[in-house]
Amino acid sequence: MASEYQIMAMMADLKIQLHAQEALSRQYDNKAKTATGEQKQELKNKANAHRDTAEKLKKDIEALKKRLEEQKQAKSNQIQKYGEVGREAASKEAAQIRQQERIKQINSQQKSH
């Protein structure tokens, strides 16, 4: 399982790729405005291909965001679970200590009589 930092690094890389694809699609759109005929269609096709790639990257980024959030939630749940287990153990230990103190107190009272 990838760590949170690895997921964030992957997301950053995908965002860089996304911005590049969007820039390329705009660039081809601008070139297509001045082109004519067959060249214009080729440029539009290239722009659309970059736009499609950008859409796929957006979906991948969203999937990574969801994965990161799920991982953070799982970690939070695990911390909460261990916190509860720790509190329960501490409570049991405190009860044992109180019981030992009572026994000592009773024993000392019996010795004094």
# chains A, B, ... in the order shown; residues from 1 in each chain; ligands from 1
>>> residues_around(residues="Leu64 of chain A", least_positions_apart="6", cutoff="12 Å", atoms="only C-alpha atoms", output="ChimeraX atom specification")
/A:2-15,57-58,70-71
>>> write_last_selection(atoms="C-alpha atoms", output="mmCIF file, in the first residue's frame")
data_model
loop_
_atom_site.group_PDB
_atom_site.id
_atom_site.type_symbol
_atom_site.label_atom_id
_atom_site.label_comp_id
_atom_site.auth_asym_id
_atom_site.auth_seq_id
_atom_site.Cartn_x
_atom_site.Cartn_y
_atom_site.Cartn_z
ATOM 1 C CA ALA A 2 1.374 3.387 -0.965
ATOM 2 C CA SER A 3 2.015 5.868 1.813
ATOM 3 C CA GLU A 4 0.182 9.170 2.032
ATOM 4 C CA TYR A 5 3.305 10.958 0.822
ATOM 5 C CA GLN A 6 3.637 8.660 -2.191
ATOM 6 C CA ILE A 7 0.002 9.261 -3.112
ATOM 7 C CA MET A 8 0.453 13.029 -2.776
ATOM 8 C CA ALA A 9 3.582 12.836 -4.960
ATOM 9 C CA MET A 10 1.660 10.875 -7.607
ATOM 10 C CA MET A 11 -1.132 13.458 -7.477
ATOM 11 C CA ALA A 12 1.377 16.292 -7.936
ATOM 12 C CA ASP A 13 2.907 14.518 -10.923
ATOM 13 C CA LEU A 14 -0.522 13.959 -12.491
ATOM 14 C CA LYS A 15 -1.439 17.620 -11.927
ATOM 15 C CA LEU A 57 -5.802 12.609 -15.811
ATOM 16 C CA LYS A 58 -8.562 14.440 -13.924
ATOM 17 C CA GLU A 70 -9.812 6.553 2.597
ATOM 18 C CA GLN A 71 -6.282 5.904 3.808
#
>>> residues_around(residues="segment 41-56 of chain A", least_positions_apart="3", cutoff="8 Å", atoms="only C-alpha atoms", output="VMD selection string")
chain A and resid 17 to 19 21 to 22 24 to 29 31 to 32 37 to 38 59 to 60
>>> write_last_selection(atoms="C-alpha atoms", output="compact mmCIF listing (two decimals), in the first residue's frame")
# COMPACT_ATOMS: atom_id res chain seq x y z
CA GLN A 17 0.80 16.38 -16.63
CA LEU A 18 -2.77 17.71 -16.58
CA HIS A 19 -1.63 21.33 -16.90
CA GLN A 21 -2.12 18.57 -21.61
CA GLU A 22 -4.48 21.51 -21.13
CA LEU A 24 -1.16 21.79 -25.45
CA SER A 25 -4.86 21.57 -26.27
CA ARG A 26 -5.15 25.38 -26.05
CA GLN A 27 -2.04 25.76 -28.19
CA TYR A 28 -3.44 23.48 -30.91
CA ASP A 29 -6.82 25.26 -30.72
CA LYS A 31 -3.09 27.22 -34.22
CA ALA A 32 -6.27 25.75 -35.72
CA GLY A 37 -8.49 22.87 -44.63
CA GLU A 38 -6.84 19.59 -43.76
CA LYS A 59 -10.27 11.11 -13.22
CA ASP A 60 -6.99 9.60 -12.05
>>> atom_distance(atom1="atom CA of Lys75 of chain A", atom2="atom CA of Ala94 of chain A")
28.1 Å
>>> decode(residues="segment 2-51 of chain A", atoms="N, CA and C atoms", output="short mmCIF file (atom, residue, chain, number, x, y, z; two decimals), in the first residue's frame")
data_model
loop_
_atom_site.label_atom_id
_atom_site.label_comp_id
_atom_site.auth_asym_id
_atom_site.auth_seq_id
_atom_site.Cartn_x
_atom_site.Cartn_y
_atom_site.Cartn_z
N ALA A 2 0.59 2.16 -0.85
CA ALA A 2 1.37 3.39 -0.97
C ALA A 2 1.11 4.29 0.24
N SER A 3 2.18 4.96 0.68
CA SER A 3 2.01 5.87 1.81
C SER A 3 1.29 7.14 1.36
N GLU A 4 0.87 7.92 2.34
CA GLU A 4 0.18 9.17 2.03
C GLU A 4 1.08 10.07 1.19
N TYR A 5 2.37 10.09 1.54
CA TYR A 5 3.30 10.96 0.82
C TYR A 5 3.50 10.50 -0.62
N GLN A 6 3.52 9.18 -0.83
CA GLN A 6 3.64 8.66 -2.19
C GLN A 6 2.41 9.02 -3.01
N ILE A 7 1.25 8.92 -2.41
CA ILE A 7 0.00 9.26 -3.11
C ILE A 7 0.00 10.75 -3.46
N MET A 8 0.42 11.59 -2.50
CA MET A 8 0.45 13.03 -2.78
C MET A 8 1.46 13.34 -3.88
N ALA A 9 2.58 12.63 -3.91
CA ALA A 9 3.58 12.84 -4.96
C ALA A 9 3.02 12.43 -6.33
N MET A 10 2.28 11.31 -6.35
CA MET A 10 1.66 10.87 -7.61
C MET A 10 0.64 11.90 -8.08
N MET A 11 -0.13 12.44 -7.12
CA MET A 11 -1.13 13.46 -7.48
C MET A 11 -0.45 14.70 -8.05
N ALA A 12 0.65 15.11 -7.45
CA ALA A 12 1.38 16.29 -7.94
C ALA A 12 1.89 16.05 -9.35
N ASP A 13 2.41 14.86 -9.59
CA ASP A 13 2.91 14.52 -10.92
C ASP A 13 1.77 14.54 -11.95
N LEU A 14 0.63 13.97 -11.58
CA LEU A 14 -0.52 13.96 -12.49
C LEU A 14 -1.04 15.38 -12.76
N LYS A 15 -0.99 16.24 -11.74
CA LYS A 15 -1.44 17.62 -11.93
C LYS A 15 -0.53 18.36 -12.90
N ILE A 16 0.76 18.09 -12.81
CA ILE A 16 1.71 18.70 -13.76
C ILE A 16 1.38 18.23 -15.17
N GLN A 17 1.16 16.93 -15.32
CA GLN A 17 0.80 16.38 -16.63
C GLN A 17 -0.51 16.98 -17.13
N LEU A 18 -1.46 17.14 -16.23
CA LEU A 18 -2.77 17.71 -16.58
C LEU A 18 -2.61 19.12 -17.13
N HIS A 19 -1.83 19.95 -16.44
CA HIS A 19 -1.63 21.33 -16.90
C HIS A 19 -0.94 21.36 -18.26
N ALA A 20 0.00 20.44 -18.46
CA ALA A 20 0.68 20.38 -19.76
C ALA A 20 -0.29 19.99 -20.87
N GLN A 21 -1.14 19.01 -20.59
CA GLN A 21 -2.12 18.57 -21.61
C GLN A 21 -3.11 19.69 -21.93
N GLU A 22 -3.55 20.40 -20.90
CA GLU A 22 -4.48 21.51 -21.13
C GLU A 22 -3.82 22.62 -21.94
N ALA A 23 -2.56 22.90 -21.64
CA ALA A 23 -1.82 23.93 -22.38
C ALA A 23 -1.65 23.53 -23.84
N LEU A 24 -1.32 22.27 -24.07
CA LEU A 24 -1.16 21.79 -25.45
C LEU A 24 -2.47 21.85 -26.22
N SER A 25 -3.57 21.51 -25.57
CA SER A 25 -4.86 21.57 -26.27
C SER A 25 -5.19 23.02 -26.63
N ARG A 26 -4.91 23.96 -25.73
CA ARG A 26 -5.15 25.38 -26.05
C ARG A 26 -4.24 25.84 -27.19
N GLN A 27 -3.00 25.38 -27.14
CA GLN A 27 -2.04 25.76 -28.19
C GLN A 27 -2.52 25.26 -29.56
N TYR A 28 -2.96 24.01 -29.64
CA TYR A 28 -3.44 23.48 -30.91
C TYR A 28 -4.74 24.17 -31.35
N ASP A 29 -5.61 24.52 -30.38
CA ASP A 29 -6.82 25.26 -30.72
C ASP A 29 -6.47 26.61 -31.34
N ASN A 30 -5.51 27.29 -30.76
CA ASN A 30 -5.09 28.60 -31.29
C ASN A 30 -4.48 28.47 -32.68
N LYS A 31 -3.68 27.43 -32.91
CA LYS A 31 -3.09 27.22 -34.22
C LYS A 31 -4.17 26.88 -35.25
N ALA A 32 -5.20 26.15 -34.81
CA ALA A 32 -6.27 25.75 -35.72
C ALA A 32 -7.07 26.96 -36.20
N LYS A 33 -7.12 28.02 -35.40
CA LYS A 33 -7.86 29.22 -35.80
C LYS A 33 -7.28 29.86 -37.05
N THR A 34 -5.97 29.78 -37.21
CA THR A 34 -5.33 30.41 -38.37
C THR A 34 -5.08 29.43 -39.51
N ALA A 35 -5.21 28.15 -39.25
CA ALA A 35 -4.95 27.15 -40.29
C ALA A 35 -6.17 27.00 -41.20
N THR A 36 -5.95 26.32 -42.31
CA THR A 36 -7.04 26.09 -43.26
C THR A 36 -7.09 24.62 -43.65
N GLY A 37 -8.28 24.18 -44.04
CA GLY A 37 -8.49 22.87 -44.63
C GLY A 37 -8.05 21.70 -43.77
N GLU A 38 -7.26 20.83 -44.38
CA GLU A 38 -6.84 19.59 -43.76
C GLU A 38 -5.97 19.83 -42.52
N GLN A 39 -5.12 20.84 -42.60
CA GLN A 39 -4.25 21.16 -41.47
C GLN A 39 -5.08 21.60 -40.26
N LYS A 40 -6.14 22.35 -40.53
CA LYS A 40 -7.02 22.81 -39.44
C LYS A 40 -7.64 21.63 -38.72
N GLN A 41 -8.10 20.64 -39.49
CA GLN A 41 -8.72 19.45 -38.90
C GLN A 41 -7.70 18.65 -38.09
N GLU A 42 -6.49 18.52 -38.59
CA GLU A 42 -5.44 17.80 -37.86
C GLU A 42 -5.15 18.48 -36.52
N LEU A 43 -5.07 19.80 -36.54
CA LEU A 43 -4.80 20.54 -35.31
C LEU A 43 -5.96 20.39 -34.31
N LYS A 44 -7.18 20.41 -34.82
CA LYS A 44 -8.34 20.21 -33.94
C LYS A 44 -8.33 18.81 -33.33
N ASN A 45 -7.96 17.82 -34.16
CA ASN A 45 -7.87 16.44 -33.66
C ASN A 45 -6.82 16.32 -32.56
N LYS A 46 -5.67 16.97 -32.76
CA LYS A 46 -4.61 16.94 -31.74
C LYS A 46 -5.09 17.62 -30.46
N ALA A 47 -5.78 18.74 -30.61
CA ALA A 47 -6.30 19.45 -29.44
C ALA A 47 -7.29 18.56 -28.68
N ASN A 48 -8.16 17.88 -29.43
CA ASN A 48 -9.14 16.99 -28.79
C ASN A 48 -8.46 15.81 -28.09
N ALA A 49 -7.40 15.28 -28.70
CA ALA A 49 -6.66 14.17 -28.09
C ALA A 49 -6.05 14.61 -26.76
N HIS A 50 -5.50 15.82 -26.74
CA HIS A 50 -4.92 16.33 -25.49
C HIS A 50 -6.01 16.60 -24.45
N ARG A 51 -7.17 17.05 -24.90
CA ARG A 51 -8.28 17.27 -23.98
C ARG A 51 -8.76 15.94 -23.38
#
